[in-house]
Structures are given as structure tokens and as C-alpha cells.
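A.B. asks: Sharing structure_9.cif below, mmCIF, C-alpha atoms:
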data_final
loop_
_atom_site.label_atom_id
_atom_site.label_comp_id
_atom_site.auth_asym_id
_atom_site.auth_seq_id
_atom_site.Cartn_x
_atom_site.Cartn_y
_atom_site.Cartn_z
CA MET F 1 38.13 7.11 -35.08
CA GLY F 2 37.29 8.88 -38.35
CA ASP F 3 37.65 7.51 -41.89
CA ASN F 4 40.97 9.25 -42.44
CA GLY F 5 42.58 7.64 -39.40
CA LYS F 6 42.23 10.76 -37.28
CA PHE F 7 40.68 10.83 -33.84
CA ARG F 8 38.25 13.71 -33.68
CA ILE F 9 36.12 14.22 -30.65
CA VAL F 10 34.96 17.80 -30.12
CA ASP F 11 32.67 18.04 -27.13
CA PHE F 12 32.79 19.43 -23.61
CA GLY F 13 35.97 21.32 -24.49
CA LEU F 14 37.73 18.08 -25.39
CA ARG F 15 39.75 17.77 -28.57
CA ILE F 16 41.71 14.81 -29.85
CA GLU F 17 43.95 14.96 -32.88
CA ARG F 18 46.42 12.57 -34.46
CA GLY F 19 49.60 13.32 -36.37
CA ASP F 20 53.29 12.50 -36.92
CA ARG F 21 56.58 13.78 -35.52
CA MET F 22 56.54 17.18 -37.29
CA LYS F 23 53.42 18.93 -36.11
CA ASN F 24 51.33 21.85 -37.22
CA VAL F 25 50.23 23.26 -33.89
CA ALA F 26 47.30 25.68 -33.60
CA ILE F 27 46.97 27.49 -30.29
CA ILE F 28 43.53 29.06 -30.01
CA ILE F 29 42.77 32.05 -27.83
CA ARG F 30 39.00 32.39 -27.81
CA ALA F 31 37.91 33.97 -24.50
CA LEU F 32 38.00 37.43 -22.97
CA PRO F 33 41.34 38.36 -21.40
CA PHE F 34 39.68 39.92 -18.35
CA ASN F 35 39.65 38.21 -14.96
CA THR F 36 41.93 35.41 -16.17
CA ILE F 37 45.57 34.75 -16.91
CA ARG F 38 44.77 31.99 -19.41
CA ASN F 39 45.32 34.17 -22.48
CA SER F 40 48.76 35.36 -21.46
CA GLU F 41 49.62 31.81 -20.38
CA ALA F 42 48.51 30.60 -23.82
CA LEU F 43 51.08 32.93 -25.37
CA ARG F 44 53.73 31.75 -22.90
CA CYS F 45 52.88 28.19 -23.91
CA ALA F 46 53.36 29.14 -27.58
CA VAL F 47 56.76 30.66 -26.78
CA GLY F 48 57.75 27.48 -24.93
CA LEU F 49 56.70 25.23 -27.79
CA THR F 50 58.98 27.04 -30.25
CA ILE F 51 61.88 25.17 -28.65
CA GLU F 52 60.91 22.18 -30.78
CA GLU F 53 61.99 23.61 -34.13
CA GLU F 54 60.16 20.96 -36.11
CA ASN F 55 56.81 22.23 -34.89
CA LYS F 56 55.07 24.89 -36.97
CA ILE F 57 53.05 27.00 -34.59
CA LYS F 58 50.17 29.36 -35.22
CA VAL F 59 48.39 31.46 -32.60
CA LEU F 60 44.79 32.15 -33.55
CA PHE F 61 42.74 34.87 -31.86
CA ILE F 62 39.06 34.10 -32.45
CA ASP F 63 35.72 35.19 -30.97
CA ASP F 64 36.28 37.20 -27.75
CA GLY F 65 39.94 36.22 -27.89
CA VAL F 66 40.49 39.11 -30.32
CA PHE F 67 40.35 41.45 -27.32
CA SER F 68 43.75 40.06 -26.35
CA ALA F 69 45.13 40.90 -29.79
CA ALA F 70 43.61 44.38 -29.82
CA SER F 71 44.47 45.49 -26.30
CA LEU F 72 48.22 44.94 -26.22
CA SER F 73 48.96 48.54 -25.34
CA CYS F 74 46.66 48.74 -22.31
CA PRO F 75 48.26 48.64 -18.83
CA ALA F 76 46.66 45.30 -17.92
CA ALA F 77 48.17 43.66 -20.98
CA GLN F 78 51.61 45.10 -20.20
CA GLU F 79 51.35 43.75 -16.69
CA ARG F 80 50.77 40.26 -18.05
CA ASP F 81 53.69 40.49 -20.50
CA LEU F 82 51.41 40.08 -23.51
CA PRO F 83 53.42 42.48 -25.74
CA LYS F 84 56.69 40.76 -24.79
CA HIS F 85 55.30 37.34 -25.69
CA VAL F 86 53.97 38.67 -29.00
CA GLU F 87 57.37 40.18 -29.88
CA THR F 88 59.13 36.93 -29.00
CA LEU F 89 56.71 34.87 -31.06
CA LYS F 90 57.19 37.12 -34.08
CA MET F 91 60.96 36.80 -33.69
CA MET F 92 60.51 33.00 -33.67
CA GLU F 93 58.47 33.30 -36.90
CA VAL F 94 55.26 32.13 -35.27
CA GLU F 95 52.17 33.29 -37.14
CA LEU F 96 49.76 35.40 -35.06
CA ILE F 97 46.36 35.72 -36.67
CA ALA F 98 43.20 37.51 -35.57
CA GLU F 99 39.72 36.75 -36.89
CA GLU F 100 38.41 39.52 -39.10
CA GLU F 101 34.70 38.99 -38.39
CA ALA F 102 35.27 38.97 -34.63
CA LEU F 103 37.16 42.26 -34.84
CA VAL F 104 34.50 43.91 -36.98
CA SER F 105 31.58 42.80 -34.81
CA ARG F 106 33.36 44.09 -31.69
CA LYS F 107 34.52 47.32 -33.41
CA LEU F 108 38.15 46.55 -32.58
CA LYS F 109 41.31 47.38 -34.49
CA ILE F 110 44.71 45.75 -34.42
CA SER F 111 47.51 48.24 -34.01
CA ARG F 112 50.39 45.76 -33.96
CA GLU F 113 52.05 44.73 -37.18
CA GLU F 114 52.99 41.34 -35.68
CA ILE F 115 49.35 40.25 -35.89
CA THR F 116 47.72 39.63 -39.25
CA ILE F 117 43.98 39.64 -39.87
CA LYS F 118 42.30 36.85 -41.78
CA PRO F 119 38.66 35.86 -42.46
CA ARG F 120 36.98 33.25 -40.29
CA GLN F 121 36.84 30.77 -43.17
CA VAL F 122 40.63 30.84 -43.56
CA ILE F 123 41.14 30.40 -39.82
CA ASN F 124 38.68 27.49 -39.78
CA GLU F 125 40.73 25.81 -42.50
CA MET F 126 43.90 26.36 -40.46
CA ILE F 127 42.29 24.69 -37.47
CA SER F 128 41.01 21.79 -39.57
CA SER F 129 44.41 21.16 -41.12
CA ALA F 130 46.38 21.41 -37.84
CA ASP F 131 47.82 18.21 -36.37
CA VAL F 132 47.44 19.50 -32.83
CA VAL F 133 44.85 22.01 -31.60
CA ILE F 134 45.34 23.53 -28.16
CA PRO F 135 42.37 25.67 -27.13
CA PHE F 136 42.67 28.08 -24.22
CA MET J 137 50.25 0.69 -29.64
CA ALA J 138 49.72 4.43 -29.69
CA LYS J 139 51.53 7.11 -27.73
CA ILE J 140 48.93 9.38 -26.22
CA GLY J 141 49.83 12.88 -25.10
CA MET J 142 47.54 14.75 -22.74
CA LEU J 143 47.32 18.37 -21.58
CA LEU J 144 45.38 19.21 -18.42
CA THR J 145 44.97 22.87 -17.48
CA GLU J 146 42.38 22.76 -14.71
CA GLY J 147 42.60 21.81 -11.07
CA PRO J 148 40.58 19.12 -9.29
CA TRP J 149 38.16 21.31 -7.33
CA GLN J 150 36.41 23.45 -9.96
CA SER J 151 35.65 21.28 -12.95
CA GLU J 152 35.47 17.57 -13.67
CA ASN J 153 38.19 17.63 -16.30
CA TYR J 154 40.43 15.72 -13.89
CA LYS J 155 37.87 12.89 -13.98
CA VAL J 156 37.70 12.86 -17.78
CA PHE J 157 41.50 12.94 -17.83
CA THR J 158 41.73 9.98 -15.45
CA LYS J 159 39.16 7.91 -17.33
CA ILE J 160 40.71 8.48 -20.77
CA ALA J 161 44.26 7.88 -19.52
CA GLU J 162 43.31 4.76 -17.56
CA ALA J 163 41.35 3.30 -20.49
CA ALA J 164 44.33 3.90 -22.77
CA LEU J 165 46.80 2.37 -20.32
CA ASP J 166 44.56 -0.67 -19.79
CA LYS J 167 44.58 -1.25 -23.54
CA GLY J 168 48.37 -1.11 -23.63
CA HIS J 169 48.86 2.41 -25.00
CA SER J 170 51.42 4.72 -23.43
CA VAL J 171 50.35 7.99 -21.81
CA GLN J 172 52.46 11.09 -21.36
CA ALA J 173 50.77 14.08 -19.75
CA PHE J 174 51.64 17.71 -19.17
CA TRP J 175 49.90 19.65 -16.41
CA TYR J 176 49.73 23.39 -16.98
CA LEU J 177 48.16 26.30 -15.06
CA ASP J 178 45.88 25.00 -12.26
CA GLY J 179 46.35 21.49 -13.62
CA VAL J 180 49.40 21.25 -11.35
CA TYR J 181 47.10 21.10 -8.30
CA ASN J 182 46.10 17.57 -9.35
CA ALA J 183 49.41 16.29 -7.98
CA VAL J 184 49.02 17.62 -4.41
CA LYS J 185 48.98 14.53 -2.22
CA HIS J 186 47.26 15.73 0.98
CA GLN J 187 43.72 16.05 -0.35
CA LYS J 188 40.70 15.71 1.89
CA PHE J 189 37.06 16.57 1.28
CA PRO J 190 34.08 16.01 3.61
CA GLY J 191 32.05 12.96 2.59
CA THR J 192 34.57 11.81 0.00
CA THR J 193 36.33 8.51 0.52
CA GLU J 194 40.07 8.18 0.00
CA GLU J 195 39.68 6.21 -3.23
CA ASN J 196 37.29 8.80 -4.67
CA LEU J 197 39.63 11.74 -4.17
CA PRO J 198 40.96 13.17 -7.45
CA VAL J 199 44.55 12.50 -6.43
CA SER J 200 43.82 8.78 -5.94
CA GLY J 201 43.02 8.46 -9.63
CA MET J 202 46.27 10.21 -10.49
CA LYS J 203 48.22 7.83 -8.23
CA ARG J 204 46.61 4.91 -10.03
CA LEU J 205 47.68 6.33 -13.40
CA VAL J 206 51.27 6.70 -12.24
CA GLU J 207 51.23 3.10 -10.95
CA LYS J 208 49.98 1.95 -14.34
CA GLY J 209 52.86 3.68 -16.08
CA ALA J 210 51.62 7.14 -17.05
CA LYS J 211 54.40 9.72 -17.27
CA ILE J 212 53.24 13.03 -15.86
CA ILE J 213 55.12 16.33 -15.91
CA ALA J 214 53.91 19.50 -14.18
CA CYS J 215 54.93 22.96 -15.42
CA GLY J 216 57.57 24.27 -13.01
CA ILE J 217 56.66 27.94 -13.43
CA CYS J 218 53.01 27.10 -12.67
CA VAL J 219 54.07 25.00 -9.66
CA ASN J 220 56.23 27.69 -8.08
CA GLY J 221 53.82 30.47 -9.04
CA ARG J 222 51.19 28.73 -6.91
CA GLY J 223 53.49 28.33 -3.93
CA LEU J 224 53.86 24.59 -4.35
CA GLU J 225 57.61 24.83 -3.75
CA GLY J 226 58.96 22.70 -6.54
CA GLY J 227 56.31 20.05 -6.00
CA LYS J 228 57.58 18.87 -2.63
CA GLU J 229 54.05 17.84 -1.63
CA PHE J 230 53.34 16.06 -4.90
CA ILE J 231 52.55 12.39 -5.21
CA GLU J 232 55.43 10.17 -6.28
CA GLY J 233 55.91 9.82 -10.01
CA VAL J 234 54.83 13.32 -11.01
CA LYS J 235 57.88 15.26 -12.16
CA VAL J 236 58.30 19.01 -12.33
CA GLY J 237 59.49 20.18 -15.72
CA GLY J 238 58.78 22.87 -18.27
CA LEU J 239 57.26 23.71 -21.63
CA PRO J 240 60.14 22.06 -23.53
CA ASP J 241 58.85 18.79 -22.05
CA PHE J 242 55.42 19.58 -23.47
CA ALA J 243 57.03 20.27 -26.84
CA ASP J 244 58.63 16.81 -26.65
CA ILE J 245 55.29 15.22 -25.75
CA ILE J 246 53.63 16.88 -28.75
CA GLY J 247 56.47 15.77 -31.00
CA GLU J 248 56.36 12.15 -29.86
CA ALA J 249 52.63 11.63 -29.42
CA ASP J 250 50.39 10.03 -32.01
CA THR J 251 47.45 11.72 -30.35
CA LEU J 252 47.05 14.80 -28.18
CA VAL J 253 44.10 15.22 -25.82
CA THR J 254 43.59 18.70 -24.36
CA LEU J 255 41.42 19.28 -21.34
#
Take the structure from the file and write it as C-alpha cells.
C.D. replies:
Amino acid sequence: MGDNGKFRIVDFGLRIERGDRMKNVAIIIRALPFNTIRNSEALRCAVGLTIEEENKIKVLFIDDGVFSAASLSCPAAQERDLPKHVETLKMMEVELIAEEEALVSRKLKISREEITIKPRQVINEMISSADVVIPF
Amino acid sequence: MAKIGMLLTEGPWQSENYKVFTKIAEAALDKGHSVQAFWYLDGVYNAVKHQKFPGTTEENLPVSGMKRLVEKGAKIIACGICVNGRGLEGGKEFIEGVKVGGLPDFADIIGEADTLVTL
């Protein structure tokens, strides 16, 4: 347990956080969207979590996860309902944020207004200040 | 005593996350904490009761650890869409004590838990 009363173990893909009833939830999409349904299921999870109105949810696209944010118009993304989930999340006032440095290094552009672009440092602070971090 | 929430997204036959899950949950239960878990994606396969693997004894099967957790009081909910998507027919072959629910249950777990472990 850390000095501030928070559990924080980050190893082998394991994360432990501690918080109170109202939670800041950060859902992280960090891997390529190809050959997996995890990224679209991460968005479905975010949609499902909006049912608890007290939770403040952010979806963060970092590293290779930005391909999911940038490829919403491609047929594979449509098949997995990615655009529908993104529209629903925006309607539920969930913040969708893509990492600027990851986009630049991969020469990707975001064409959807639902997704905002922020620097890595800002996203790191969001993750640090979240009560619950759910990495996919 | 703390309320510990857990999310498991991987099945028992590709990674050892089920083992880490079992060890953390069992240690918490043994110390008197409560454990509520949500199984998502392939995590729902952890509840299938008819597991067999050559050279593995009954007590070392992944599902045996899950049974032990249920007996010790862990509350486990499997995502219904994931269950039916994988042909598990509403969890009819699941071990006793694992319920089939949905993401609203996970939202409740997050809301109530002092701690969330994601695996």
C-alpha cells in the first residue's frame, strides 16, 4: 500500500486502485485493433458503465490503440460497431481522447469530432488521477 | 474490511491470469475481505465446470480454484453477452455460484468496491 492509502501495483498487466463511491474511471485502449475484438469490447464496456451515473468515464486511446480511434470509417470497424459505440459514448458525455504523440508517430489523423486529441503528458495525468483504471 | 472488486478478461487455457486472480481473491477472502468479480470476454470460460486436461489433477484444474472462491464467499458475475456469444447457453454448464449478468453489474461493483483489480 502506498503512502497516500492507495494500492498501486503495476506489473504483469495487473493494476490495483482504490477509491470511493463516485469514481473517475479511465478505460485504456492501447493495442492494435486487428485480429482482436478487445478494442470494440472495451468501448462496449464503457457504454455499459455509463449506467452508473455517478461514474465519470474517460476512454483513452494510447500507443497502438490510436488505430482504433483513427480507423472508424473502415469496413472492419463498422462491422465491430465501433462508430456506433463512439456515438453512444459522446451522447452520454463520455470523454474520448487520443494521444497526440502516438498519432503523429504513426502518421494518423482523427476524422471524428467525438474524439479529442491531447498530449501524452495530459493523458498520463488523467490516468494517474483516475480512481479506477481498466486497461484493454 | 475492504470490498475488493475484480475484473477478469482472459480464459483459463491461454494465460495464467486465472491463477493470479484465484490467488489474490483467496488471500483477500482468507483475511476477511469481501470479493466481487466480473468476468468479461473470454473470462467467462473460467466458470465452465467440465474441465479436463491430460496430466492435471482435479484440484489443479482452473475451475477448482474458482469453486473454492465461491465456497469462501466470492460473488462472481459473468457477462451475459459474452456467455451467449461463446455458445455457453446462459451458463447452463457453469459451476454453482457464478451468476450470469451484465455490464450494469460491473458498474455496481466499481461503485461499491474500495479496490479494483483488473486482469
A.B. asks: Taking all atoms listed in the file into account and nothing else, which residues of chain J lie no more than 8 Å away from chain F? Please answer as a list of chain:residue names.
C.D. replies: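 Result, ordered by chain then number: J:Leu177, J:Leu239, J:Pro240, J:Phe242, J:Ala243, J:Asp244, J:Ile246, J:Gly247, J:Glu248, J:Ala249, J:Asp250, J:Thr251, J:Leu252, J:Val253, J:Thr254, J:Leu255.
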A.B. asks: Would you mind listing what lies within 12 Å of Glu87 in chain F as a list in words, with all atoms listed in the file counted and same-chain residues fewer than 4 positions away left out?
C.D. replies: Leu43, Arg44, Ala46, Val47, Leu72, Asp81, Leu82, Pro83, Met91, Met92, Glu93, Val94, Glu95, Leu96, Arg112, Glu113, Glu114 and Ile115 of chain F
A.B. asks: Do you have the CA of Pro198 in chain J-CA of Ala164 in chain J distance handy?
C.D. replies: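 That distance, rounded to one decimal, is 18.2 Å.
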A.B. asks: Residue by residue, what does the PyMOL selection byres ((chain J and resi 227) around 10) grab here? Present the result as a PyMOL selection string.
C.D. replies: chain J and resi 180-181+183-185+214-216+219-220+223-226+228-232+234-236
A.B. asks: Output the residue selection produced by the PyMOL selection byres ((chain J and resi 154) around 9) on the file above, formatted as a list in words.
C.D. replies: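 The output of the PyMOL selection byres ((chain J and resi 154) around 9) on this file is Leu144, Glu146, Gly147, Pro148, Trp149, Ser151, Glu152, Asn153, Lys155, Val156, Phe157, Thr158, Lys159, Gly179, Asn182, Pro198, Gly201, Met202 and Leu255 of chain J.
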